[in-house]
file coords_37.pdb (PDB, C-alpha atoms, pLDDT in the B column)
ATOM      1  CA  ASN A   1     120.641 109.066 112.962  1.00 65.00           C
ATOM      2  CA  VAL A   2     117.762 111.507 113.412  1.00 72.00           C
ATOM      3  CA  PHE A   3     117.130 114.766 115.218  1.00 80.00           C
ATOM      4  CA  ILE A   4     115.174 114.526 118.439  1.00 80.00           C
ATOM      5  CA  ASN A   5     113.552 117.249 120.510  1.00 84.00           C
ATOM      6  CA  THR A   6     114.254 116.796 124.205  1.00 85.00           C
ATOM      7  CA  VAL A   7     112.487 118.550 127.071  1.00 88.00           C
ATOM      8  CA  VAL A   8     114.384 118.666 130.366  1.00 88.00           C
ATOM      9  CA  SER A   9     112.878 120.008 133.615  1.00 88.00           C
ATOM     10  CA  ILE A  10     115.332 121.281 136.261  1.00 88.00           C
ATOM     11  CA  GLN A  11     114.575 122.142 139.882  1.00 89.00           C
ATOM     12  CA  TYR A  12     117.177 124.315 141.610  1.00 88.00           C
ATOM     13  CA  GLN A  13     117.508 126.736 144.501  1.00 89.00           C
ATOM     14  CA  VAL A  14     119.934 129.356 145.799  1.00 89.00           C
ATOM     15  CA  LEU A  15     122.411 128.264 148.491  1.00 88.00           C
ATOM     16  CA  GLN A  16     121.965 130.400 151.589  1.00 86.00           C
ATOM     17  CA  GLU A  17     125.679 130.693 152.196  1.00 87.00           C
ATOM     18  CA  LYS A  18     126.253 131.863 148.601  1.00 86.00           C
ATOM     19  CA  VAL A  19     123.461 134.346 148.065  1.00 86.00           C
ATOM     20  CA  TYR A  20     125.924 137.034 146.981  1.00 85.00           C
ATOM     21  CA  ASP A  21     127.470 134.812 144.303  1.00 83.00           C
ATOM     22  CA  ALA A  22     124.043 133.716 143.075  1.00 81.00           C
ATOM     23  CA  PHE A  23     122.962 137.341 142.645  1.00 83.00           C
ATOM     24  CA  TYR A  24     126.149 138.922 141.223  1.00 82.00           C
ATOM     25  CA  ALA A  25     128.187 136.113 139.628  1.00 82.00           C
ATOM     26  CA  LEU A  26     125.790 135.392 136.759  1.00 81.00           C
ATOM     27  CA  THR A  27     123.716 137.857 134.791  1.00 83.00           C
ATOM     28  CA  ASN A  28     121.271 135.208 133.579  1.00 86.00           C
ATOM     29  CA  PRO A  29     121.534 131.898 135.513  1.00 86.00           C
ATOM     30  CA  THR A  30     118.668 130.306 133.550  1.00 87.00           C
ATOM     31  CA  ARG A  31     120.512 130.772 130.271  1.00 88.00           C
ATOM     32  CA  GLN A  32     123.699 129.418 131.859  1.00 86.00           C
ATOM     33  CA  ILE A  33     121.900 126.287 133.078  1.00 87.00           C
ATOM     34  CA  THR A  34     120.273 125.831 129.656  1.00 88.00           C
ATOM     35  CA  ALA A  35     123.652 126.061 127.941  1.00 88.00           C
ATOM     36  CA  HIS A  36     125.113 123.374 130.209  1.00 86.00           C
ATOM     37  CA  VAL A  37     122.102 121.110 129.582  1.00 87.00           C
ATOM     38  CA  PHE A  38     122.505 121.496 125.807  1.00 87.00           C
ATOM     39  CA  ASP A  39     126.200 120.742 126.062  1.00 87.00           C
ATOM     40  CA  VAL A  40     125.653 117.533 128.042  1.00 87.00           C
ATOM     41  CA  LEU A  41     122.845 116.283 125.791  1.00 86.00           C
ATOM     42  CA  ARG A  42     124.800 117.012 122.612  1.00 85.00           C
ATOM     43  CA  SER A  43     127.679 114.910 123.960  1.00 85.00           C
ATOM     44  CA  GLU A  44     125.538 112.013 125.227  1.00 85.00           C
ATOM     45  CA  LEU A  45     122.726 111.530 122.697  1.00 83.00           C
ATOM     46  CA  PRO A  46     124.896 110.832 119.604  1.00 82.00           C
ATOM     47  CA  ASN A  47     126.339 107.791 121.401  1.00 85.00           C
ATOM     48  CA  LEU A  48     122.913 106.115 121.641  1.00 82.00           C
ATOM     49  CA  GLU A  49     120.549 104.524 119.168  1.00 82.00           C
ATOM     50  CA  LEU A  50     117.042 105.964 119.063  1.00 79.00           C
ATOM     51  CA  ASP A  51     115.510 103.063 120.984  1.00 79.00           C
ATOM     52  CA  GLU A  52     118.300 103.273 123.562  1.00 84.00           C
ATOM     53  CA  VAL A  53     117.556 106.970 124.138  1.00 83.00           C
ATOM     54  CA  PHE A  54     114.057 106.129 125.410  1.00 82.00           C
ATOM     55  CA  GLU A  55     115.489 103.440 127.672  1.00 85.00           C
ATOM     56  CA  ALA A  56     118.238 105.732 129.025  1.00 85.00           C
ATOM     57  CA  LYS A  57     116.106 108.680 130.153  1.00 87.00           C
ATOM     58  CA  ASP A  58     117.052 108.198 133.798  1.00 88.00           C
ATOM     59  CA  GLU A  59     120.748 107.887 132.948  1.00 89.00           C
ATOM     60  CA  LEU A  60     120.605 111.069 130.889  1.00 88.00           C
ATOM     61  CA  ALA A  61     118.900 112.931 133.728  1.00 89.00           C
ATOM     62  CA  LYS A  62     121.540 111.685 136.169  1.00 90.00           C
ATOM     63  CA  THR A  63     124.394 112.782 133.874  1.00 89.00           C
ATOM     64  CA  VAL A  64     122.880 116.265 133.407  1.00 88.00           C
ATOM     65  CA  LYS A  65     122.374 116.656 137.163  1.00 90.00           C
ATOM     66  CA  GLU A  66     125.977 115.695 137.933  1.00 89.00           C
ATOM     67  CA  ALA A  67     127.347 118.106 135.314  1.00 88.00           C
ATOM     68  CA  LEU A  68     125.143 120.994 136.507  1.00 87.00           C
ATOM     69  CA  SER A  69     125.861 120.390 140.182  1.00 87.00           C
ATOM     70  CA  SER A  70     129.627 120.531 139.678  1.00 85.00           C
ATOM     71  CA  THR A  71     129.326 123.755 137.674  1.00 85.00           C
ATOM     72  CA  MET A  72     126.492 125.709 139.294  1.00 87.00           C
ATOM     73  CA  THR A  73     127.504 125.146 142.929  1.00 86.00           C
ATOM     74  CA  GLN A  74     130.347 127.661 142.565  1.00 86.00           C
ATOM     75  CA  TYR A  75     127.793 130.250 141.444  1.00 86.00           C
ATOM     76  CA  GLY A  76     125.562 129.706 144.466  1.00 88.00           C
ATOM     77  CA  TYR A  77     122.967 127.339 142.998  1.00 88.00           C
ATOM     78  CA  GLN A  78     121.999 123.871 144.176  1.00 89.00           C
ATOM     79  CA  ILE A  79     120.515 121.471 141.602  1.00 88.00           C
ATOM     80  CA  LEU A  80     117.699 119.561 143.316  1.00 89.00           C
ATOM     81  CA  GLN A  81     116.302 117.415 140.522  1.00 90.00           C
ATOM     82  CA  VAL A  82     116.630 116.887 136.782  1.00 89.00           C
ATOM     83  CA  LEU A  83     113.916 115.133 134.761  1.00 89.00           C
ATOM     84  CA  VAL A  84     113.895 114.264 131.072  1.00 88.00           C
ATOM     85  CA  THR A  85     110.165 114.708 130.533  1.00 87.00           C
ATOM     86  CA  GLU A  86     109.852 114.361 126.756  1.00 85.00           C
ATOM     87  CA  LEU A  87     111.686 112.810 123.831  1.00 83.00           C
ATOM     88  CA  ASP A  88     110.112 113.729 120.513  1.00 82.00           C
ATOM     89  CA  PRO A  89     111.602 112.399 117.250  1.00 81.00           C
ATOM     90  CA  PRO A  90     110.254 113.555 113.850  1.00 76.00           C
ATOM     91  CA  LEU A  91     106.782 112.381 112.855  1.00 81.00           C
ATOM     92  CA  ARG A  92     108.024 110.097 110.082  1.00 81.00           C
ATOM     93  CA  VAL A  93     110.362 108.397 112.549  1.00 77.00           C
ATOM     94  CA  LYS A  94     107.545 107.907 115.062  1.00 75.00           C
ATOM     95  CA  ASN A  95     105.350 106.446 112.336  1.00 80.00           C
ATOM     96  CA  ALA A  96     108.152 104.064 111.348  1.00 79.00           C
ATOM     97  CA  MET A  97     108.615 102.985 114.976  1.00 75.00           C
ATOM     98  CA  ASN A  98     104.881 102.391 115.339  1.00 77.00           C
ATOM     99  CA  GLU A  99     104.906 100.355 112.124  1.00 82.00           C
ATOM    100  CA  ILE A 100     107.776  98.220 113.432  1.00 80.00           C
ATOM    101  CA  ASN A 101     105.959  97.577 116.705  1.00 78.00           C
ATOM    102  CA  SER A 102     102.763  96.806 114.834  1.00 82.00           C
ATOM    103  CA  ASN A 103     104.540  94.298 112.582  1.00 82.00           C
ATOM    104  CA  GLU A 104     106.208  92.638 115.561  1.00 82.00           C
ATOM    105  CA  ARG A 105     102.874  92.224 117.325  1.00 82.00           C
ATOM    106  CA  LEU A 106     101.246  91.000 114.108  1.00 83.00           C
ATOM    107  CA  LYS A 107     104.022  88.442 113.676  1.00 85.00           C
ATOM    108  CA  TYR A 108     103.482  87.258 117.243  1.00 84.00           C
ATOM    109  CA  ALA A 109      99.718  87.065 116.703  1.00 85.00           C
ATOM    110  CA  VAL A 110     100.154  85.021 113.498  1.00 85.00           C
ATOM    111  CA  ALA A 111     102.537  82.644 115.288  1.00 86.00           C
ATOM    112  CA  GLU A 112     100.074  82.200 118.151  1.00 85.00           C
ATOM    113  CA  GLN A 113      97.211  81.615 115.718  1.00 86.00           C
ATOM    114  CA  ALA A 114      99.246  78.998 113.832  1.00 87.00           C
ATOM    115  CA  GLU A 115     100.120  77.285 117.106  1.00 86.00           C
ATOM    116  CA  GLY A 116      96.447  77.255 118.062  1.00 87.00           C
ATOM    117  CA  GLN A 117      95.474  75.703 114.712  1.00 87.00           C
ATOM    118  CA  LYS A 118      98.235  73.115 115.142  1.00 88.00           C
ATOM    119  CA  ILE A 119      96.925  72.134 118.570  1.00 89.00           C
ATOM    120  CA  LEU A 120      93.375  71.989 117.186  1.00 87.00           C
ATOM    121  CA  LYS A 121      94.412  69.667 114.342  1.00 88.00           C
ATOM    122  CA  VAL A 122      96.410  67.443 116.685  1.00 87.00           C
ATOM    123  CA  LYS A 123      93.506  67.157 119.112  1.00 88.00           C
ATOM    124  CA  SER A 124      91.117  66.513 116.227  1.00 87.00           C
ATOM    125  CA  ALA A 125      93.376  63.739 114.890  1.00 87.00           C
ATOM    126  CA  GLU A 126      93.660  62.221 118.362  1.00 87.00           C
ATOM    127  CA  ALA A 127      89.882  62.352 118.768  1.00 87.00           C
ATOM    128  CA  GLU A 128      89.375  60.731 115.349  1.00 86.00           C
ATOM    129  CA  ALA A 129      91.873  57.969 116.181  1.00 86.00           C
ATOM    130  CA  GLU A 130      90.155  57.343 119.511  1.00 86.00           C
ATOM    131  CA  SER A 131      86.770  57.309 117.789  1.00 86.00           C
ATOM    132  CA  LYS A 132      87.949  54.758 115.213  1.00 86.00           C
ATOM    133  CA  TYR A 133      89.468  52.625 117.943  1.00 85.00           C
ATOM    134  CA  LEU A 134      86.250  52.626 119.959  1.00 86.00           C
ATOM    135  CA  SER A 135      84.261  51.955 116.784  1.00 85.00           C
ATOM    136  CA  GLY A 136      86.490  48.957 116.048  1.00 83.00           C
ATOM    137  CA  VAL A 137      86.040  47.684 119.576  1.00 84.00           C
ATOM    138  CA  GLY A 138      82.281  48.050 119.202  1.00 84.00           C
ATOM    139  CA  VAL A 139      82.242  46.191 115.871  1.00 78.00           C
ATOM    140  CA  ALA A 140      84.384  43.402 117.347  1.00 82.00           C
ATOM    141  CA  LYS A 141      82.020  43.023 120.288  1.00 84.00           C
ATOM    142  CA  GLN A 142      79.042  43.076 117.942  1.00 78.00           C
ATOM    143  CA  ARG A 143      80.515  40.316 115.763  1.00 75.00           C
ATOM    144  CA  LYS A 144      81.384  38.269 118.821  1.00 80.00           C
ATOM    145  CA  ALA A 145      77.807  38.600 120.048  1.00 80.00           C
ATOM    146  CA  ILE A 146      76.508  37.510 116.640  1.00 73.00           C
ATOM    147  CA  VAL A 147      78.787  34.469 116.603  1.00 72.00           C
ATOM    148  CA  ASP A 148      77.772  33.550 120.138  1.00 77.00           C
ATOM    149  CA  GLY A 149      74.112  33.927 119.199  1.00 76.00           C
ATOM    150  CA  LEU A 150      74.516  31.759 116.118  1.00 70.00           C
ATOM    151  CA  ARG A 151      76.292  29.096 118.133  1.00 71.00           C
ATOM    152  CA  GLU A 152      73.491  29.017 120.697  1.00 76.00           C
ATOM    153  CA  SER A 153      70.864  28.958 117.948  1.00 71.00           C
ATOM    154  CA  ILE A 154      72.545  25.992 116.258  1.00 69.00           C
ATOM    155  CA  VAL A 155      72.761  24.088 119.536  1.00 71.00           C
ATOM    156  CA  ASP A 156      69.119  24.793 120.427  1.00 71.00           C
ATOM    157  CA  PHE A 157      67.910  23.959 116.927  1.00 66.00           C
ATOM    158  CA  SER A 158      69.882  20.689 116.833  1.00 67.00           C
ATOM    159  CA  GLY A 159      68.419  19.663 120.155  1.00 66.00           C
ATOM    160  CA  GLY A 160      64.864  20.644 119.224  1.00 65.00           C
ATOM    161  CA  VAL A 161      64.642  19.286 115.650  1.00 64.00           C
ATOM    162  CA  LYS A 162      65.646  15.659 115.257  1.00 66.00           C
ATOM    163  CA  GLY A 163      67.472  14.718 112.077  1.00 67.00           C
ATOM    164  CA  ALA A 164      68.509  18.317 111.216  1.00 65.00           C
ATOM    165  CA  SER A 165      72.071  18.535 109.987  1.00 70.00           C
ATOM    166  CA  ASN A 166      74.443  21.427 110.633  1.00 68.00           C
ATOM    167  CA  LYS A 167      74.130  22.424 106.973  1.00 72.00           C
ATOM    168  CA  ASP A 168      70.335  22.628 107.241  1.00 70.00           C
ATOM    169  CA  ILE A 169      70.621  24.777 110.327  1.00 69.00           C
ATOM    170  CA  MET A 170      73.174  27.144 108.712  1.00 71.00           C
ATOM    171  CA  ASP A 171      71.033  27.434 105.590  1.00 73.00           C
ATOM    172  CA  LEU A 172      68.019  28.345 107.705  1.00 71.00           C
ATOM    173  CA  LEU A 173      69.955  30.940 109.701  1.00 72.00           C
ATOM    174  CA  LEU A 174      71.458  32.471 106.563  1.00 75.00           C
ATOM    175  CA  LEU A 175      68.049  32.581 104.920  1.00 75.00           C
ATOM    176  CA  THR A 176      66.595  34.282 107.989  1.00 76.00           C
ATOM    177  CA  GLN A 177      69.356  36.878 107.971  1.00 75.00           C
ATOM    178  CA  TYR A 178      68.833  37.362 104.238  1.00 75.00           C
ATOM    179  CA  PHE A 179      65.146  38.117 104.721  1.00 76.00           C
ATOM    180  CA  ASP A 180      65.962  40.460 107.622  1.00 77.00           C
ATOM    181  CA  CYS A 181      68.404  42.296 105.357  1.00 77.00           C
ATOM    182  CA  ILE A 182      65.779  42.576 102.568  1.00 75.00           C
ATOM    183  CA  ARG A 183      63.261  43.911 105.090  1.00 77.00           C
ATOM    184  CA  ASP A 184      65.677  46.562 106.408  1.00 76.00           C
ATOM    185  CA  VAL A 185      66.692  47.663 102.914  1.00 73.00           C
ATOM    186  CA  GLY A 186      63.079  47.814 101.712  1.00 73.00           C
ATOM    187  CA  SER A 187      61.923  49.857 104.723  1.00 78.00           C
ATOM    188  CA  ALA A 188      64.664  52.462 104.330  1.00 75.00           C
ATOM    189  CA  PRO A 189      63.244  55.979 103.609  1.00 78.00           C
ATOM    190  CA  ASN A 190      65.378  56.463 100.481  1.00 76.00           C
ATOM    191  CA  CYS A 191      64.636  53.039  99.004  1.00 71.00           C
ATOM    192  CA  LYS A 192      62.333  53.131  95.962  1.00 66.00           C
ATOM    193  CA  THR A 193      62.792  49.767  94.285  1.00 63.00           C
ATOM    194  CA  THR A 194      64.424  46.531  95.455  1.00 57.00           C
ATOM    195  CA  PHE A 195      65.291  43.712  93.077  1.00 58.00           C
ATOM    196  CA  VAL A 196      65.295  40.333  94.817  1.00 59.00           C
ATOM    197  CA  PRO A 197      66.683  37.287  92.935  1.00 61.00           C
ATOM    198  CA  CYS A 198      64.698  34.107  93.365  1.00 60.00           C
ATOM    199  CA  SER A 199      65.540  30.524  92.360  1.00 58.00           C
ATOM    200  CA  LYS A 200      65.270  27.027  93.728  1.00 53.00           C
ATOM    201  CA  SER A 201      68.924  27.035  94.626  1.00 59.00           C
ATOM    202  CA  MET A 202      68.834  30.499  96.209  1.00 59.00           C
ATOM    203  CA  GLY A 203      69.744  29.144  99.647  1.00 58.00           C
ATOM    204  CA  ASP A 204      72.766  27.278  98.349  1.00 64.00           C
ATOM    205  CA  ASP A 205      73.856  30.210  96.200  1.00 67.00           C
ATOM    206  CA  LEU A 206      73.532  32.613  99.107  1.00 63.00           C
ATOM    207  CA  ARG A 207      75.440  30.310 101.418  1.00 62.00           C
ATOM    208  CA  SER A 208      78.224  29.814  98.828  1.00 69.00           C
ATOM    209  CA  SER A 209      78.472  33.574  98.242  1.00 67.00           C
ATOM    210  CA  LEU A 210      78.786  34.324 101.931  1.00 61.00           C
ATOM    211  CA  ILE A 211      81.409  31.611 102.403  1.00 65.00           C
ATOM    212  CA  GLN A 212      83.408  32.887  99.428  1.00 67.00           C
ATOM    213  CA  ALA A 213      83.186  36.454 100.676  1.00 60.00           C
ATOM    214  CA  ASP A 214      84.368  35.388 104.130  1.00 60.00           C
ATOM    215  CA  ALA A 215      87.264  33.404 102.624  1.00 63.00           C
ATOM    216  CA  ALA A 216      88.336  36.400 100.541  1.00 61.00           C
ATOM    217  CA  LYS A 217      88.852  38.597 103.620  1.00 55.00           C
TER     218      LYS A 217
END

call {"tool": "encode", "arguments": {"input": "coords_37.pdb", "output": "structure tokens"}}
result
Amino acid sequence: NVFINTVVSIQYQVLQEKVYDAFYALTNPTRQITAHVFDVLRSELPNLELDEVFEAKDELAKTVKEALSSTMTQYGYQILQVLVTELDPPLRVKNAMNEINSNERLKYAVAEQAEGQKILKVKSAEAEAESKYLSGVGVAKQRKAIVDGLRESIVDFSGGVKGASNKDIMDLLLLTQYFDCIRDVGSAPNCKTTFVPCSKSMGDDLRSSLIQADAAK
């Protein structure tokens, strides 16, 4: 519970048929109206929380107008309009209310930011999964193309070179790929030195290594 300064504006006029009462019945009609306003507000405001007071300004104005109209009509005055124009709690209370509103908005902003980061991570994960899937599809197509190319090369080589066995053809293809690999590694910008093993059985060793590696998959 806190004290609150309330400013109420009242528009009134004298009833033509009660001019005599308006002039002689009350010595100071303004003070009489003020007293009635204070009485109504003191009975209504304690029933409301501070936030409810700001929401009930129109209801308070309506209650004050009804109370004044029933009282001041007998004295020759008609109440035209009542407006609650200002509600002013103490400064420390206003600062506390502003702090509460600020914290509520900050909480909402943090929640929205977290939701945005969540969406960003989800979309990033979906994009990464899609990228890996497409990369896998590309690798599969590449391997299929290599296999198809090797098959065609073996068929063409068998038809063009009489007496060549399948083993001879595979050894030649593997050796060709080996030299291509050495060339690519040696021409890389960050390559300084390349050690290349060399022996009479290099073709057989290379072929056996590749077969073993493929079987280990």

call {"tool": "closest_residue", "arguments": {"input": "coords_37.pdb", "among": "A:Val137, A:Tyr77, A:Ala67, A:Leu45", "to": "Lys18 (chain A)", "atoms": "only C-alpha atoms"}}
result
A:Tyr77

call {"tool": "resolve_selection", "arguments": {"input": "coords_37.pdb", "expression": "the PyMOL selection byres ((chain A and resi 44) around 12)", "output": "ChimeraX atom specification"}}
result
/A:37-43,45-49,52-53,56-57,59-64,67

call {"tool": "atom_distance", "arguments": {"input": "coords_37.pdb", "atom1": "CA of Leu120 (chain A)", "atom2": "CA of Asn103 (chain A)"}}
result
25.4 Å

call {"tool": "closest_residue", "arguments": {"input": "coords_37.pdb", "among": "A:Gly149, A:Leu83, A:Phe54, A:Ile119", "to": "Ile10 (chain A)", "atoms": "only C-alpha atoms"}}
result
A:Leu83

call {"tool": "resolve_selection", "arguments": {"input": "coords_37.pdb", "expression": "the PyMOL selection byres ((chain A and resi 21) around 9)", "output": "list of chain:residue names"}}
result
A:Lys18, A:Val19, A:Tyr20, A:Ala22, A:Phe23, A:Tyr24, A:Ala25, A:Leu26, A:Gln74, A:Tyr75, A:Gly76, A:Tyr77

call {"tool": "residues_around", "arguments": {"input": "coords_37.pdb", "residues": "region 84-86 of chain A", "least_positions_apart": "6", "cutoff": "6 Å", "atoms": "all atoms listed in the file", "output": "number ranges by chain"}}
result
A: 6-8, 61

call {"tool": "closest_residue", "arguments": {"input": "coords_37.pdb", "among": "A:Gln32, A:Ser153, A:Ser187, A:Thr73", "to": "Leu172 (chain A)", "atoms": "only C-alpha atoms"}}
result
A:Ser153

call {"tool": "atom_distance", "arguments": {"input": "coords_37.pdb", "atom1": "CA of Asp51 (chain A)", "atom2": "CA of Gln81 (chain A)"}}
result
24.3 Å

call {"tool": "atom_distance", "arguments": {"input": "coords_37.pdb", "atom1": "CA of Ser70 (chain A)", "atom2": "CA of Thr27 (chain A)"}}
result
18.9 Å

call {"tool": "axis_aligned_box", "arguments": {"input": "coords_37.pdb", "around": "region 134-146 of chain A", "padding_each_side": "4 Å", "output": "AutoDock Vina command-line options"}}
result
--center_x 81.5 --center_y 45.1 --center_z 118.0 --size_x 18.0 --size_y 23.1 --size_z 12.5

call {"tool": "residues_around", "arguments": {"input": "coords_37.pdb", "residues": "Leu50 (chain A)", "least_positions_apart": "4", "cutoff": "12 Å", "atoms": "only C-alpha atoms", "output": "list in words"}}
result
Asn1, Val2, Phe3, Ile4, Asn5, Leu45, Pro46, Phe54, Glu55, Ala56, Lys57, Leu87, Asp88, Pro89, Pro90, Val93, Lys94, Ala96 and Met97 of chain A

call {"tool": "residues_around", "arguments": {"input": "coords_37.pdb", "residues": "Leu80 (chain A)", "least_positions_apart": "3", "cutoff": "8 Å", "atoms": "all atoms listed in the file", "output": "VMD selection string"}}
result
chain A and resid 10 to 13
